[in-house]
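Data file: coords_3.cif. Format and content: mmCIF, C-alpha atoms and all ligand atoms.
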data_input
loop_
_atom_site.label_atom_id
_atom_site.label_comp_id
_atom_site.auth_asym_id
_atom_site.auth_seq_id
_atom_site.Cartn_x
_atom_site.Cartn_y
_atom_site.Cartn_z
CA MET A 1 46.55 -58.73 -47.23
CA LYS A 2 49.23 -56.02 -47.04
CA VAL A 3 49.01 -52.83 -49.09
CA LEU A 4 51.55 -50.11 -49.73
CA VAL A 5 50.21 -46.67 -50.64
CA VAL A 6 52.62 -44.30 -52.40
CA GLY A 7 52.24 -40.59 -51.63
CA ASN A 8 51.88 -38.16 -48.75
CA GLY A 9 48.71 -36.13 -49.23
CA GLY A 10 45.11 -36.09 -48.10
CA ARG A 11 44.22 -38.45 -50.93
CA GLU A 12 46.72 -41.03 -49.71
CA HIS A 13 45.50 -40.71 -46.11
CA ALA A 14 41.93 -41.28 -47.32
CA LEU A 15 42.96 -44.28 -49.46
CA THR A 16 44.86 -45.86 -46.56
CA TRP A 17 42.02 -45.15 -44.10
CA LYS A 18 39.51 -46.78 -46.45
CA LEU A 19 41.72 -49.77 -47.24
CA LEU A 20 42.15 -50.45 -43.51
CA GLN A 21 38.36 -50.74 -43.17
CA SER A 22 38.38 -53.77 -45.48
CA PRO A 23 38.16 -57.09 -43.63
CA GLN A 24 40.92 -58.50 -45.86
CA VAL A 25 43.46 -55.75 -45.21
CA GLU A 26 45.57 -56.49 -42.17
CA GLN A 27 48.35 -53.94 -42.63
CA CYS A 28 49.10 -50.82 -44.68
CA PHE A 29 52.33 -48.99 -45.36
CA CYS A 30 52.50 -45.45 -46.67
CA THR A 31 55.56 -43.98 -48.31
CA PRO A 32 56.45 -41.37 -47.32
CA GLY A 33 53.03 -40.79 -45.72
CA ASN A 34 52.21 -37.92 -43.37
CA GLY A 35 51.20 -37.26 -39.75
CA GLY A 36 47.76 -38.72 -40.40
CA THR A 37 48.97 -42.02 -41.80
CA ALA A 38 51.54 -42.18 -38.97
CA LEU A 39 48.66 -42.08 -36.49
CA LEU A 40 46.52 -44.76 -38.18
CA GLU A 41 46.44 -48.10 -36.42
CA ARG A 42 47.91 -50.95 -38.49
CA CYS A 43 49.68 -48.43 -40.71
CA GLU A 44 53.37 -47.61 -40.84
CA ASN A 45 55.10 -44.81 -42.72
CA LEU A 46 58.19 -45.69 -44.75
CA PRO A 47 61.07 -43.29 -45.45
CA TYR A 48 61.16 -43.68 -49.25
CA ALA A 49 60.32 -40.78 -51.54
CA VAL A 50 57.69 -41.42 -54.21
CA ASP A 51 60.39 -41.59 -56.91
CA ASP A 52 62.64 -43.99 -55.02
CA PHE A 53 61.45 -46.95 -57.09
CA ALA A 54 64.37 -49.23 -56.18
CA ASN A 55 63.82 -49.03 -52.43
CA ILE A 56 60.06 -49.30 -52.80
CA ALA A 57 60.46 -52.47 -54.90
CA GLU A 58 62.94 -53.91 -52.41
CA PHE A 59 60.59 -53.28 -49.48
CA VAL A 60 57.62 -54.78 -51.32
CA LYS A 61 59.53 -57.97 -52.11
CA GLU A 62 61.00 -58.33 -48.62
CA HIS A 63 57.70 -57.81 -46.84
CA SER A 64 55.46 -59.73 -49.27
CA ILE A 65 53.23 -56.74 -49.98
CA ASP A 66 50.21 -57.86 -52.03
CA LEU A 67 49.32 -54.58 -53.69
CA VAL A 68 50.88 -51.17 -54.34
CA VAL A 69 48.49 -48.24 -54.81
CA VAL A 70 50.06 -45.14 -56.36
CA GLY A 71 48.49 -41.82 -55.35
CA PRO A 72 50.22 -38.97 -57.22
CA GLU A 73 50.69 -38.45 -60.95
CA VAL A 74 54.42 -37.74 -60.91
CA PRO A 75 55.68 -41.25 -60.06
CA LEU A 76 53.12 -42.70 -62.52
CA ALA A 77 54.36 -40.39 -65.28
CA ASN A 78 57.93 -41.41 -64.36
CA GLY A 79 57.15 -45.10 -64.73
CA ILE A 80 56.78 -46.47 -61.19
CA THR A 81 54.27 -49.04 -62.44
CA ASP A 82 56.53 -50.26 -65.24
CA TYR A 83 59.42 -50.53 -62.75
CA LEU A 84 57.50 -52.51 -60.12
CA GLN A 85 55.82 -54.75 -62.69
CA ARG A 86 59.26 -55.98 -63.74
CA TYR A 87 59.42 -57.66 -60.33
CA ASN A 88 55.89 -59.09 -60.73
CA ILE A 89 54.55 -56.65 -58.15
CA LYS A 90 50.82 -55.87 -58.40
CA VAL A 91 50.35 -52.14 -58.92
CA PHE A 92 47.17 -50.09 -59.10
CA GLY A 93 48.02 -47.21 -61.42
CA PRO A 94 48.78 -46.93 -65.15
CA THR A 95 52.16 -47.47 -66.79
CA LYS A 96 54.19 -44.56 -68.11
CA VAL A 97 52.56 -44.61 -71.57
CA GLY A 98 49.09 -44.74 -70.00
CA ALA A 99 49.89 -41.89 -67.62
CA GLN A 100 50.40 -39.67 -70.67
CA ILE A 101 46.65 -39.17 -70.50
CA GLU A 102 47.59 -36.65 -67.80
CA SER A 103 51.27 -35.95 -68.42
CA SER A 104 50.84 -34.85 -72.04
CA LYS A 105 47.78 -32.78 -72.78
CA SER A 106 48.48 -32.83 -76.54
CA TRP A 107 48.74 -36.65 -76.52
CA ALA A 108 45.49 -36.93 -74.55
CA LYS A 109 43.71 -34.46 -76.84
CA LYS A 110 44.77 -36.36 -79.94
CA LEU A 111 43.67 -39.68 -78.44
CA MET A 112 40.25 -38.21 -77.59
CA ALA A 113 39.81 -36.33 -80.87
CA ASP A 114 40.65 -39.48 -82.87
CA ALA A 115 38.10 -41.42 -80.80
CA GLY A 116 35.42 -38.81 -81.47
CA ILE A 117 35.13 -37.76 -77.80
CA ALA A 118 33.75 -34.29 -77.04
CA ILE A 119 36.62 -32.00 -75.98
CA ALA A 120 37.53 -28.32 -76.14
CA LYS A 121 38.79 -27.59 -79.66
CA GLY A 122 42.41 -26.52 -79.76
CA GLU A 123 45.88 -26.66 -81.23
CA THR A 124 49.37 -27.47 -79.97
CA PHE A 125 52.31 -25.13 -80.51
CA THR A 126 56.08 -25.13 -80.06
CA ASP A 127 56.43 -21.64 -81.49
CA ALA A 128 55.27 -18.62 -79.50
CA ASN A 129 54.49 -16.50 -82.55
CA ALA A 130 52.36 -19.20 -84.13
CA ALA A 131 50.48 -19.61 -80.82
CA LYS A 132 49.90 -15.86 -80.63
CA ALA A 133 48.65 -15.66 -84.21
CA TYR A 134 46.19 -18.46 -83.46
CA ILE A 135 45.04 -16.62 -80.31
CA THR A 136 44.46 -13.41 -82.27
CA GLN A 137 42.47 -15.34 -84.84
CA GLN A 138 40.35 -17.15 -82.23
CA GLY A 139 39.77 -14.23 -79.84
CA ALA A 140 39.14 -14.34 -76.08
CA PRO A 141 38.23 -15.84 -73.68
CA ILE A 142 40.71 -18.59 -74.48
CA VAL A 143 42.67 -21.15 -72.50
CA ILE A 144 46.47 -21.61 -72.56
CA LYS A 145 48.00 -24.79 -71.11
CA ALA A 146 51.46 -26.17 -70.60
CA ASP A 147 51.53 -29.56 -72.29
CA ASN A 148 53.15 -31.48 -69.44
CA LEU A 149 52.71 -31.78 -65.68
CA ALA A 150 52.82 -28.40 -63.99
CA ALA A 151 51.50 -29.07 -60.48
CA GLY A 152 48.31 -27.14 -61.14
CA LYS A 153 50.16 -24.04 -62.38
CA GLY A 154 50.08 -24.72 -66.10
CA VAL A 155 46.59 -23.54 -67.06
CA ILE A 156 45.63 -19.93 -67.74
CA VAL A 157 42.02 -19.08 -68.54
CA ALA A 158 42.61 -15.75 -70.30
CA GLN A 159 39.83 -13.19 -70.57
CA THR A 160 41.61 -11.06 -73.17
CA VAL A 161 43.85 -11.71 -76.17
CA GLU A 162 46.66 -9.72 -74.47
CA GLU A 163 46.43 -11.85 -71.33
CA ALA A 164 46.54 -15.01 -73.44
CA GLN A 165 49.57 -13.83 -75.37
CA SER A 166 51.54 -12.94 -72.25
CA ALA A 167 50.59 -16.35 -70.82
CA VAL A 168 52.27 -17.95 -73.85
CA ASP A 169 55.46 -15.97 -73.18
CA GLU A 170 55.38 -16.73 -69.45
CA LEU A 171 54.94 -20.47 -69.96
CA MET A 172 57.68 -20.59 -72.59
CA GLU A 173 60.03 -18.54 -70.39
CA THR A 174 59.33 -20.94 -67.50
CA GLY A 175 60.62 -23.71 -69.77
CA PHE A 176 57.44 -25.28 -71.17
CA SER A 177 58.26 -25.83 -74.83
CA LEU A 178 54.94 -27.34 -75.89
CA ILE A 179 51.77 -25.32 -75.38
CA VAL A 180 48.12 -26.10 -75.97
CA VAL A 181 45.71 -23.30 -76.85
CA GLU A 182 42.07 -24.26 -76.62
CA GLU A 183 38.56 -22.96 -76.69
CA CYS A 184 37.20 -21.73 -73.34
CA LEU A 185 34.24 -23.87 -72.37
CA GLN A 186 31.40 -22.48 -70.27
CA GLY A 187 29.36 -24.38 -67.72
CA GLN A 188 29.84 -26.29 -64.48
CA GLU A 189 32.79 -28.57 -63.84
CA VAL A 190 32.40 -32.06 -62.43
CA SER A 191 34.98 -34.70 -61.55
CA ILE A 192 34.18 -38.25 -62.57
CA LEU A 193 36.65 -40.71 -61.10
CA ALA A 194 36.40 -44.10 -62.74
CA LEU A 195 38.18 -47.35 -61.98
CA THR A 196 39.30 -49.43 -64.90
CA ASP A 197 41.19 -52.65 -65.59
CA GLY A 198 41.79 -51.59 -69.19
CA LYS A 199 38.56 -53.17 -70.44
CA THR A 200 35.70 -52.40 -68.04
CA VAL A 201 35.01 -48.97 -66.52
CA ARG A 202 33.17 -48.40 -63.22
CA THR A 203 32.53 -44.83 -62.13
CA LEU A 204 32.69 -43.70 -58.50
CA LEU A 205 30.19 -41.16 -57.20
CA PRO A 206 30.48 -37.86 -59.09
CA ALA A 207 32.19 -35.04 -57.20
CA GLN A 208 32.83 -31.34 -57.54
CA ASP A 209 35.75 -29.45 -56.11
CA HIS A 210 36.49 -25.79 -55.41
CA LYS A 211 39.78 -24.91 -57.10
CA ARG A 212 40.00 -21.20 -56.22
CA ILE A 213 41.46 -19.95 -52.96
CA GLY A 214 38.79 -17.33 -52.20
CA GLN A 215 35.16 -17.25 -51.14
CA GLY A 216 32.73 -17.30 -54.07
CA ASP A 217 35.29 -19.17 -56.22
CA THR A 218 37.58 -16.17 -56.66
CA GLY A 219 41.35 -15.64 -56.67
CA PRO A 220 44.16 -17.93 -57.79
CA ASN A 221 43.78 -21.64 -58.46
CA THR A 222 44.89 -24.09 -55.79
CA GLY A 223 45.16 -27.87 -55.61
CA GLY A 224 41.56 -27.77 -54.33
CA MET A 225 40.04 -26.09 -51.26
CA GLY A 226 37.14 -28.47 -50.76
CA ALA A 227 34.95 -31.03 -52.47
CA TYR A 228 31.61 -32.75 -52.17
CA ALA A 229 29.82 -35.84 -53.42
CA PRO A 230 27.55 -37.01 -54.94
CA ALA A 231 27.36 -33.93 -57.18
CA PRO A 232 23.70 -33.50 -58.21
CA ILE A 233 24.66 -31.98 -61.56
CA ALA A 234 25.76 -35.44 -62.64
CA THR A 235 22.34 -36.98 -63.11
CA PRO A 236 22.04 -40.70 -63.91
CA GLU A 237 21.42 -39.72 -67.56
CA LEU A 238 24.57 -37.61 -67.66
CA LEU A 239 26.61 -40.39 -66.03
CA GLU A 240 25.33 -42.86 -68.61
CA ARG A 241 26.51 -40.54 -71.38
CA VAL A 242 29.88 -40.08 -69.69
CA GLN A 243 30.23 -43.85 -69.47
CA THR A 244 29.32 -44.62 -73.09
CA GLU A 245 30.44 -41.47 -74.92
CA ILE A 246 33.61 -40.63 -72.98
CA LEU A 247 35.05 -43.27 -70.64
CA GLU A 248 34.45 -46.45 -72.65
CA PRO A 249 35.70 -44.94 -75.94
CA THR A 250 38.79 -43.67 -74.10
CA VAL A 251 39.62 -47.10 -72.72
CA SER A 252 39.05 -48.65 -76.18
CA ALA A 253 41.29 -46.04 -77.78
CA LEU A 254 43.99 -46.77 -75.22
CA ARG A 255 43.67 -50.48 -75.84
CA GLN A 256 43.97 -49.95 -79.59
CA GLN A 257 47.33 -48.34 -78.88
CA GLY A 258 48.36 -51.41 -76.93
CA ILE A 259 47.87 -49.73 -73.55
CA ASN A 260 46.25 -51.88 -70.91
CA TYR A 261 45.27 -49.00 -68.62
CA CYS A 262 44.81 -50.14 -65.02
CA GLY A 263 44.00 -47.50 -62.45
CA VAL A 264 41.88 -44.40 -62.11
CA LEU A 265 40.70 -42.58 -65.16
CA TYR A 266 39.64 -39.22 -63.75
CA ALA A 267 37.68 -37.14 -66.22
CA GLY A 268 37.52 -33.43 -65.45
CA LEU A 269 34.37 -32.50 -67.35
CA MET A 270 32.58 -29.33 -68.23
CA VAL A 271 28.81 -29.71 -68.37
CA THR A 272 27.88 -27.10 -70.96
CA PRO A 273 24.77 -24.90 -70.63
CA GLU A 274 23.15 -27.29 -73.17
CA GLY A 275 23.79 -30.13 -70.73
CA ASP A 276 26.51 -31.85 -72.77
CA PRO A 277 29.60 -33.29 -71.05
CA LYS A 278 32.94 -32.30 -72.56
CA VAL A 279 36.38 -33.34 -71.35
CA LEU A 280 38.55 -30.52 -69.97
CA GLU A 281 41.31 -32.87 -68.92
CA TYR A 282 42.08 -36.39 -67.86
CA ASN A 283 44.06 -37.31 -64.78
CA CYS A 284 45.68 -40.69 -64.28
CA ARG A 285 45.01 -40.89 -60.52
CA PHE A 286 42.46 -40.26 -57.80
CA GLY A 287 41.46 -36.58 -57.37
CA ASP A 288 42.51 -34.60 -54.35
CA PRO A 289 40.36 -33.53 -52.44
CA GLU A 290 37.56 -35.37 -54.33
CA THR A 291 38.79 -38.69 -52.91
CA GLN A 292 38.33 -37.37 -49.35
CA ALA A 293 34.64 -36.72 -50.16
CA VAL A 294 33.96 -39.84 -52.24
CA LEU A 295 35.60 -42.63 -50.24
CA PRO A 296 33.67 -42.08 -46.98
CA LEU A 297 30.52 -42.96 -48.96
CA LEU A 298 31.93 -46.17 -50.47
CA GLU A 299 30.55 -49.35 -48.93
CA THR A 300 32.21 -51.94 -51.22
CA PRO A 301 35.63 -52.86 -49.79
CA LEU A 302 38.16 -50.75 -51.67
CA ASP A 303 40.81 -53.49 -51.79
CA GLU A 304 38.40 -55.74 -53.71
CA LEU A 305 37.86 -53.05 -56.33
CA LEU A 306 41.52 -52.21 -56.76
CA MET A 307 42.57 -55.88 -56.87
CA ALA A 308 39.87 -56.61 -59.48
CA CYS A 309 41.35 -53.85 -61.65
CA VAL A 310 44.90 -55.14 -61.24
CA GLU A 311 43.81 -58.70 -62.03
CA GLY A 312 41.69 -57.67 -65.02
CA ARG A 313 38.36 -58.93 -63.67
CA LEU A 314 36.44 -55.73 -62.92
CA ALA A 315 33.54 -56.94 -65.11
CA GLU A 316 32.93 -59.83 -62.71
CA LEU A 317 32.32 -57.58 -59.71
CA PRO A 318 28.76 -56.78 -58.60
CA PRO A 319 27.69 -53.11 -58.81
CA LEU A 320 29.47 -50.82 -56.37
CA GLN A 321 27.64 -50.25 -53.10
CA TRP A 322 27.38 -46.77 -51.59
CA TYR A 323 26.14 -45.44 -48.27
CA ASP A 324 23.22 -43.02 -48.42
CA GLY A 325 23.90 -39.36 -47.75
CA SER A 326 26.16 -36.55 -48.84
CA ALA A 327 29.79 -35.86 -48.01
CA VAL A 328 31.56 -32.53 -47.81
CA CYS A 329 35.31 -32.01 -47.37
CA VAL A 330 36.72 -28.64 -46.30
CA VAL A 331 40.46 -28.03 -46.68
CA ALA A 332 42.34 -26.11 -44.00
CA ALA A 333 45.37 -24.41 -45.55
CA SER A 334 48.43 -22.51 -44.36
CA GLU A 335 48.36 -18.71 -44.54
CA GLY A 336 49.89 -17.65 -47.87
CA TYR A 337 48.90 -20.77 -49.82
CA PRO A 338 48.88 -21.18 -52.88
CA GLY A 339 51.85 -18.79 -52.65
CA SER A 340 54.62 -19.20 -50.10
CA TYR A 341 53.78 -20.23 -46.55
CA GLU A 342 55.49 -21.29 -43.33
CA LYS A 343 55.58 -24.82 -41.96
CA GLY A 344 55.96 -26.26 -38.50
CA LYS A 345 52.91 -24.70 -36.77
CA VAL A 346 51.33 -26.74 -33.99
CA ILE A 347 47.90 -28.18 -34.88
CA THR A 348 45.32 -28.78 -32.15
CA GLY A 349 41.71 -29.91 -31.93
CA ILE A 350 41.63 -32.86 -34.33
CA THR A 351 40.27 -35.30 -31.74
CA GLU A 352 37.54 -32.80 -30.80
CA ALA A 353 36.66 -32.25 -34.48
CA GLU A 354 36.32 -35.99 -34.98
CA LYS A 355 34.11 -36.30 -31.90
CA LEU A 356 31.85 -33.61 -33.38
CA GLY A 357 31.24 -35.75 -36.48
CA SER A 358 34.06 -35.60 -38.99
CA THR A 359 36.97 -37.57 -40.32
CA VAL A 360 40.09 -35.47 -40.49
CA PHE A 361 42.36 -36.41 -43.40
CA HIS A 362 45.87 -35.01 -43.17
CA ALA A 363 47.26 -33.40 -46.31
CA GLY A 364 50.40 -31.62 -45.13
CA THR A 365 51.21 -32.62 -41.58
CA LYS A 366 54.15 -34.14 -39.74
CA LEU A 367 54.07 -36.01 -36.46
CA GLU A 368 56.82 -34.98 -34.05
CA SER A 369 55.33 -36.90 -31.21
CA PRO A 370 53.43 -35.76 -29.26
CA ARG A 371 53.09 -32.65 -31.43
CA LEU A 372 51.41 -32.56 -34.81
CA LEU A 373 52.87 -29.87 -37.08
CA THR A 374 51.85 -28.25 -40.34
CA ASP A 375 54.04 -29.44 -43.22
CA GLY A 376 52.43 -28.16 -46.41
CA GLY A 377 50.14 -25.63 -48.06
CA ARG A 378 47.04 -27.76 -47.74
CA VAL A 379 47.19 -29.07 -44.18
CA LEU A 380 43.96 -30.95 -43.46
CA GLY A 381 40.83 -32.11 -45.29
CA VAL A 382 37.94 -32.35 -42.87
CA THR A 383 35.05 -34.50 -44.13
CA SER A 384 31.54 -34.89 -42.72
CA VAL A 385 28.75 -37.07 -44.03
CA GLY A 386 25.14 -36.00 -43.50
CA LYS A 387 21.70 -37.08 -44.62
CA ASP A 388 21.85 -34.26 -47.17
CA PHE A 389 24.28 -31.48 -48.14
CA ASN A 390 22.86 -28.96 -45.68
CA ALA A 391 23.39 -31.36 -42.79
CA ALA A 392 26.91 -32.29 -43.94
CA ILE A 393 27.90 -28.64 -44.41
CA GLU A 394 26.56 -27.65 -40.99
CA THR A 395 28.45 -30.48 -39.28
CA VAL A 396 31.70 -29.95 -41.12
CA TYR A 397 31.82 -26.25 -40.26
CA SER A 398 31.09 -26.91 -36.59
CA CYS A 399 34.04 -29.35 -36.66
CA MET A 400 36.30 -26.77 -38.34
CA LYS A 401 35.81 -24.48 -35.33
CA ALA A 402 37.50 -27.05 -33.08
CA ILE A 403 40.68 -27.17 -35.20
CA ASN A 404 43.40 -24.63 -34.76
CA PHE A 405 46.88 -23.76 -35.96
CA PRO A 406 48.53 -20.36 -36.42
CA GLY A 407 47.63 -18.88 -39.81
CA GLN A 408 44.88 -21.41 -40.53
CA TYR A 409 42.75 -20.47 -43.55
CA TYR A 410 39.72 -22.21 -44.96
CA ARG A 411 36.84 -21.23 -47.19
CA GLY A 412 33.50 -20.79 -45.50
CA ASP A 413 31.42 -21.56 -48.57
CA ILE A 414 32.36 -25.07 -49.65
CA GLY A 415 29.30 -26.66 -51.24
CA HIS A 416 27.58 -23.34 -51.95
CA ARG A 417 26.28 -24.67 -55.29
CA VAL A 418 24.39 -27.51 -53.59
CA ARG A 419 22.95 -25.86 -50.48
P1 LIG B 501 43.42 -28.48 -65.64
O1 LIG B 501 44.74 -28.33 -64.95
O2 LIG B 501 43.50 -28.90 -67.07
O3 LIG B 501 42.44 -29.20 -64.77
O4 LIG B 501 42.76 -27.04 -65.67
C1 LIG B 501 42.59 -26.33 -64.49
C2 LIG B 501 41.31 -25.59 -64.55
O5 LIG B 501 41.31 -24.68 -65.64
C3 LIG B 501 40.09 -26.46 -64.80
O6 LIG B 501 39.62 -27.07 -63.65
C4 LIG B 501 39.12 -25.44 -65.36
O7 LIG B 501 38.58 -24.67 -64.31
C5 LIG B 501 40.01 -24.57 -66.18
N1 LIG B 501 40.00 -25.00 -67.58
C6 LIG B 501 40.84 -25.88 -68.19
N2 LIG B 501 40.53 -26.03 -69.49
C7 LIG B 501 39.49 -25.21 -69.73
C8 LIG B 501 38.69 -24.93 -70.89
N3 LIG B 501 38.97 -25.45 -72.09
N4 LIG B 501 37.66 -24.08 -70.75
C9 LIG B 501 37.40 -23.49 -69.56
N5 LIG B 501 38.10 -23.72 -68.44
C10 LIG B 501 39.13 -24.57 -68.51
N1 LIG B 502 41.03 -31.75 -57.47
C1 LIG B 502 41.72 -31.67 -58.68
C2 LIG B 502 42.73 -32.68 -58.92
O1 LIG B 502 42.88 -33.63 -58.17
O2 LIG B 502 43.42 -32.58 -59.92
#

Represent the structure of the file as structure tokens.
Amino acid sequence: MKVLVVGNGGREHALTWKLLQSPQVEQCFCTPGNGGTALLERCENLPYAVDDFANIAEFVKEHSIDLVVVGPEVPLANGITDYLQRYNIKVFGPTKVGAQIESSKSWAKKLMADAGIAIAKGETFTDANAAKAYITQQGAPIVIKADNLAAGKGVIVAQTVEEAQSAVDELMETGFSLIVVEECLQGQEVSILALTDGKTVRTLLPAQDHKRIGQGDTGPNTGGMGAYAPAPIATPELLERVQTEILEPTVSALRQQGINYCGVLYAGLMVTPEGDPKVLEYNCRFGDPETQAVLPLLETPLDELLMACVEGRLAELPPLQWYDGSAVCVVAASEGYPGSYEKGKVITGITEAEKLGSTVFHAGTKLESPRLLTDGGRVLGVTSVGKDFNAAIETVYSCMKAINFPGQYYRGDIGHRVR
């Protein structure tokens, strides 16, 4: 079987790496891929951008690719699945209407509210003054969100009414015309990534990520500075509730709208101090860096799971098999990230880090053989698996010491909640 993975981040490297472990997968392609996917055996990077649907479709047809797996949300929201399906290509990832679960927060909130799913209460506004009046009435803390995709920059958790009101102005000045204002939920966040064929839902191991740049979860939000799985906060009882009270009703609600959602349904949940799960947001794709922590623990061949979703027979599959142990992924970033940063720094020590007990997923790297160069804000995601979290954390940080590039930054406290 031949698989094409669309994207160029750590998530796509992890997906390709896992797919290549399946006995059925003989060859992978990654478009555009990164330095890590360029170095994988039986994997080839292609030159097409994630939104170059025509060339991707052409390549798939010419090379008899069996399955396309779409990593990032942007091509999904732009209809890559709809486009490829017109050529009878098998695609893992929702169609454009399904991807609205992530690309339109107001659409997703309405779908969930109508289905009786627990979410943060809120309202949608097109008028700044109306939004501000609502904020004054509700008080702080309060959360302001751009309705559509904003590459992680569209959410402001405001501690004061003034901060919330200036966030409304800033988002509107940036060009976001639709804004969601919602109640600020307290508790611990957990990421539940579920696979679905539009009827059946199977959750992967629960994960938690660290969104803030600084030690102790401080400073600006990033795409994610590290992640770990399985997150102990998601007890079997909690997961059962997430399955029956959140994920299954969501898939039913989608189906009632005529949407046969095939792909990942990623629920970003807040577990409230009372122990209740509430949806903060849905994503229409695998989480990054959660995927780099979850996939190393997956024993069931990934291609079988993804194909079962695409072919609408997930219910027939036996329960997912997982390896014992805990996985921790630490992200190495470029100096300046999540602000501006330089690229093109030489990376060394990856082979040594892998010998010390890790798998190094590339997030923003470029191979200019024989040199490996930094090519993004998040550069690497280094994952170790241990018998428990303490063991995994100890190993991963000893591996981090082997890796070097000018301006390298990583947090030293990934997994602090589970030590
Ligand atoms: P999102 O882009 O929707 O994932 O939001 C980014 C982050 O903002 C989340 O991971 C939370 O940390 C925070 N957040 C979003 N919505 C809320 C909410 N209603 N209450 C508290 N925090 C939130
Ligand atoms: N780790 C957060 C995300 O993938 O959106």

Go through region 288-341 of chain A and flag each residue having an atom no more than 12 Å from region 65-86 of chain A; for those, report the closest pair of atoms plus their distance in Å to one decimal, using all atoms listed in the file, ordered by chain and rising number, as a tab-separated table.
residue	atom	partner	partner_atom	distance
A:Asp288	CA	A:Pro72	CA	9.3
A:Pro289	CA	A:Gly71	CA	12.0
A:Thr291	CA	A:Gly71	CA	10.5
A:Leu302	CA	A:Val69	CA	11.1
A:Asp303	CA	A:Leu67	CA	8.8
A:Glu304	CA	A:Leu67	CA	11.0
A:Leu305	CA	A:Val69	CA	11.8
A:Leu306	CA	A:Val69	CA	8.3
A:Met307	CA	A:Leu67	CA	7.6
A:Ala308	CA	A:Leu67	CA	11.3
A:Cys309	CA	A:Leu67	CA	11.3
A:Val310	CA	A:Leu67	CA	8.8
A:Glu311	CA	A:Leu67	CA	10.8

Store the residues of this selection in a file with C-alpha atoms, as a CSV table (one decimal), in the frame of the given file.
chain,number,residue,atom,x,y,z
A,288,ASP,CA,42.5,-34.6,-54.4
A,289,PRO,CA,40.4,-33.5,-52.4
A,291,THR,CA,38.8,-38.7,-52.9
A,302,LEU,CA,38.2,-50.8,-51.7
A,303,ASP,CA,40.8,-53.5,-51.8
A,304,GLU,CA,38.4,-55.7,-53.7
A,305,LEU,CA,37.9,-53.0,-56.3
A,306,LEU,CA,41.5,-52.2,-56.8
A,307,MET,CA,42.6,-55.9,-56.9
A,308,ALA,CA,39.9,-56.6,-59.5
A,309,CYS,CA,41.4,-53.8,-61.6
A,310,VAL,CA,44.9,-55.1,-61.2
A,311,GLU,CA,43.8,-58.7,-62.0

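Residues surrounding region 237-239 of chain A within 10 Å are A:Ile192, A:Thr203, A:Leu205, A:Pro206, A:Ile233, A:Ala234, A:Thr235, A:Arg241, A:Val242, A:Gln243, A:Thr244, A:Glu245, A:Ile246, A:Val271, A:Gly275, A:Asp276, A:Pro277 [only C-alpha atoms; sequence separation below 2 positions excluded].
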
(message) Can you tell me which residues surround Gln257 (chain A) at a distance of at most 10 Å, considering all atoms listed in the file, apart from same-chain residues fewer than 3 positions away, and format the answer as a list in words?
(response) Val97, Gly98, Leu111, Val251, Ser252, Ala253, Leu254 and Asn260 of chain A

Using all atoms of ligand LIG 501 (chain B) listed in the file and a margin of 3 Å per side, can you give the axis-aligned box centre and edge lengths in Å to one decimal, as JSON?
{"center_x": 41.1, "center_y": -26.3, "center_z": -67.9, "size_x": 13.3, "size_y": 11.7, "size_z": 14.4}

(request) Could you tell me how far CA of Gly364 (chain A) lies from CA of Leu40 (chain A), in Å and to one decimal? (result) 15.4 Å

(message) Using only C-alpha atoms and all ligand atoms, which residues of the polymer chains come no farther than 10 Å from ligand LIG 502 (chain B)? I'd like the answer as a ChimeraX atom specification.
(response) /A:11,72-73,102,151-152,190-191,193,207-211,222-227,266-268,281-291

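Counting all atoms listed in the file and comparing A:Asp147, A:Glu12, A:Glu41, A:Glu183, the residue that lies closest to ligand LIG 501 (chain B) is A:Glu183.
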
(request) Please write out the residues within 6 Å of ligand LIG 501 (chain B) as a ChimeraX atom specification, counting all atoms listed in the file. (result) /A:120,143,152,155,182-185,280-281

Using only C-alpha atoms, which residues of region 185-287 of chain A come within 12 Å of region 318-321 of chain A, and what is the closest atom pair for each, with the distance in Å to one decimal? Give it as a Markdown table, sorted by chain and residue number.
| residue | atom | partner | partner_atom | distance |
| --- | --- | --- | --- | --- |
| A:Ala194 | CA | A:Leu320 | CA | 11.6 |
| A:Leu195 | CA | A:Leu320 | CA | 10.9 |
| A:Val201 | CA | A:Pro319 | CA | 11.4 |
| A:Arg202 | CA | A:Leu320 | CA | 8.2 |
| A:Thr203 | CA | A:Leu320 | CA | 8.9 |
| A:Leu204 | CA | A:Leu320 | CA | 8.1 |
| A:Leu205 | CA | A:Leu320 | CA | 9.7 |

(request) Using CA of Gly35 (chain A) and CA of Gly349 (chain A) as the two end points, give the distance in Å to one decimal. (result) 14.3 Å

(message) I'd like the contact shell of Thr126 (chain A) - 12 Å cut-off, all atoms listed in the file, skipping same-chain residues fewer than 2 positions apart - returned as a ChimeraX atom specification.
(response) /A:106,123-124,128-132,146-147,168-169,171-172,175-181

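Our summary of the geometry notes that CA of Val328 (chain A) is positioned 9.7 Å from CA of Ala391 (chain A).
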
(request) Give as a PyMOL selection string every residue, naming chains and numbers as the document does, that has an atom within 6 Å of (53.4, -33.3, -46.1), counting only C-alpha atoms. (result) chain A and resi 8+34+364-365+375-376

The selected residues should be written to file as a compact mmCIF listing (two decimals), keeping the file's coordinate frame (atoms: C-alpha atoms).
# COMPACT_ATOMS: atom_id res chain seq x y z
CA ASN A 8 51.88 -38.16 -48.75
CA ASN A 34 52.21 -37.92 -43.37
CA GLY A 364 50.40 -31.62 -45.13
CA THR A 365 51.21 -32.62 -41.58
CA ASP A 375 54.04 -29.44 -43.22
CA GLY A 376 52.43 -28.16 -46.41
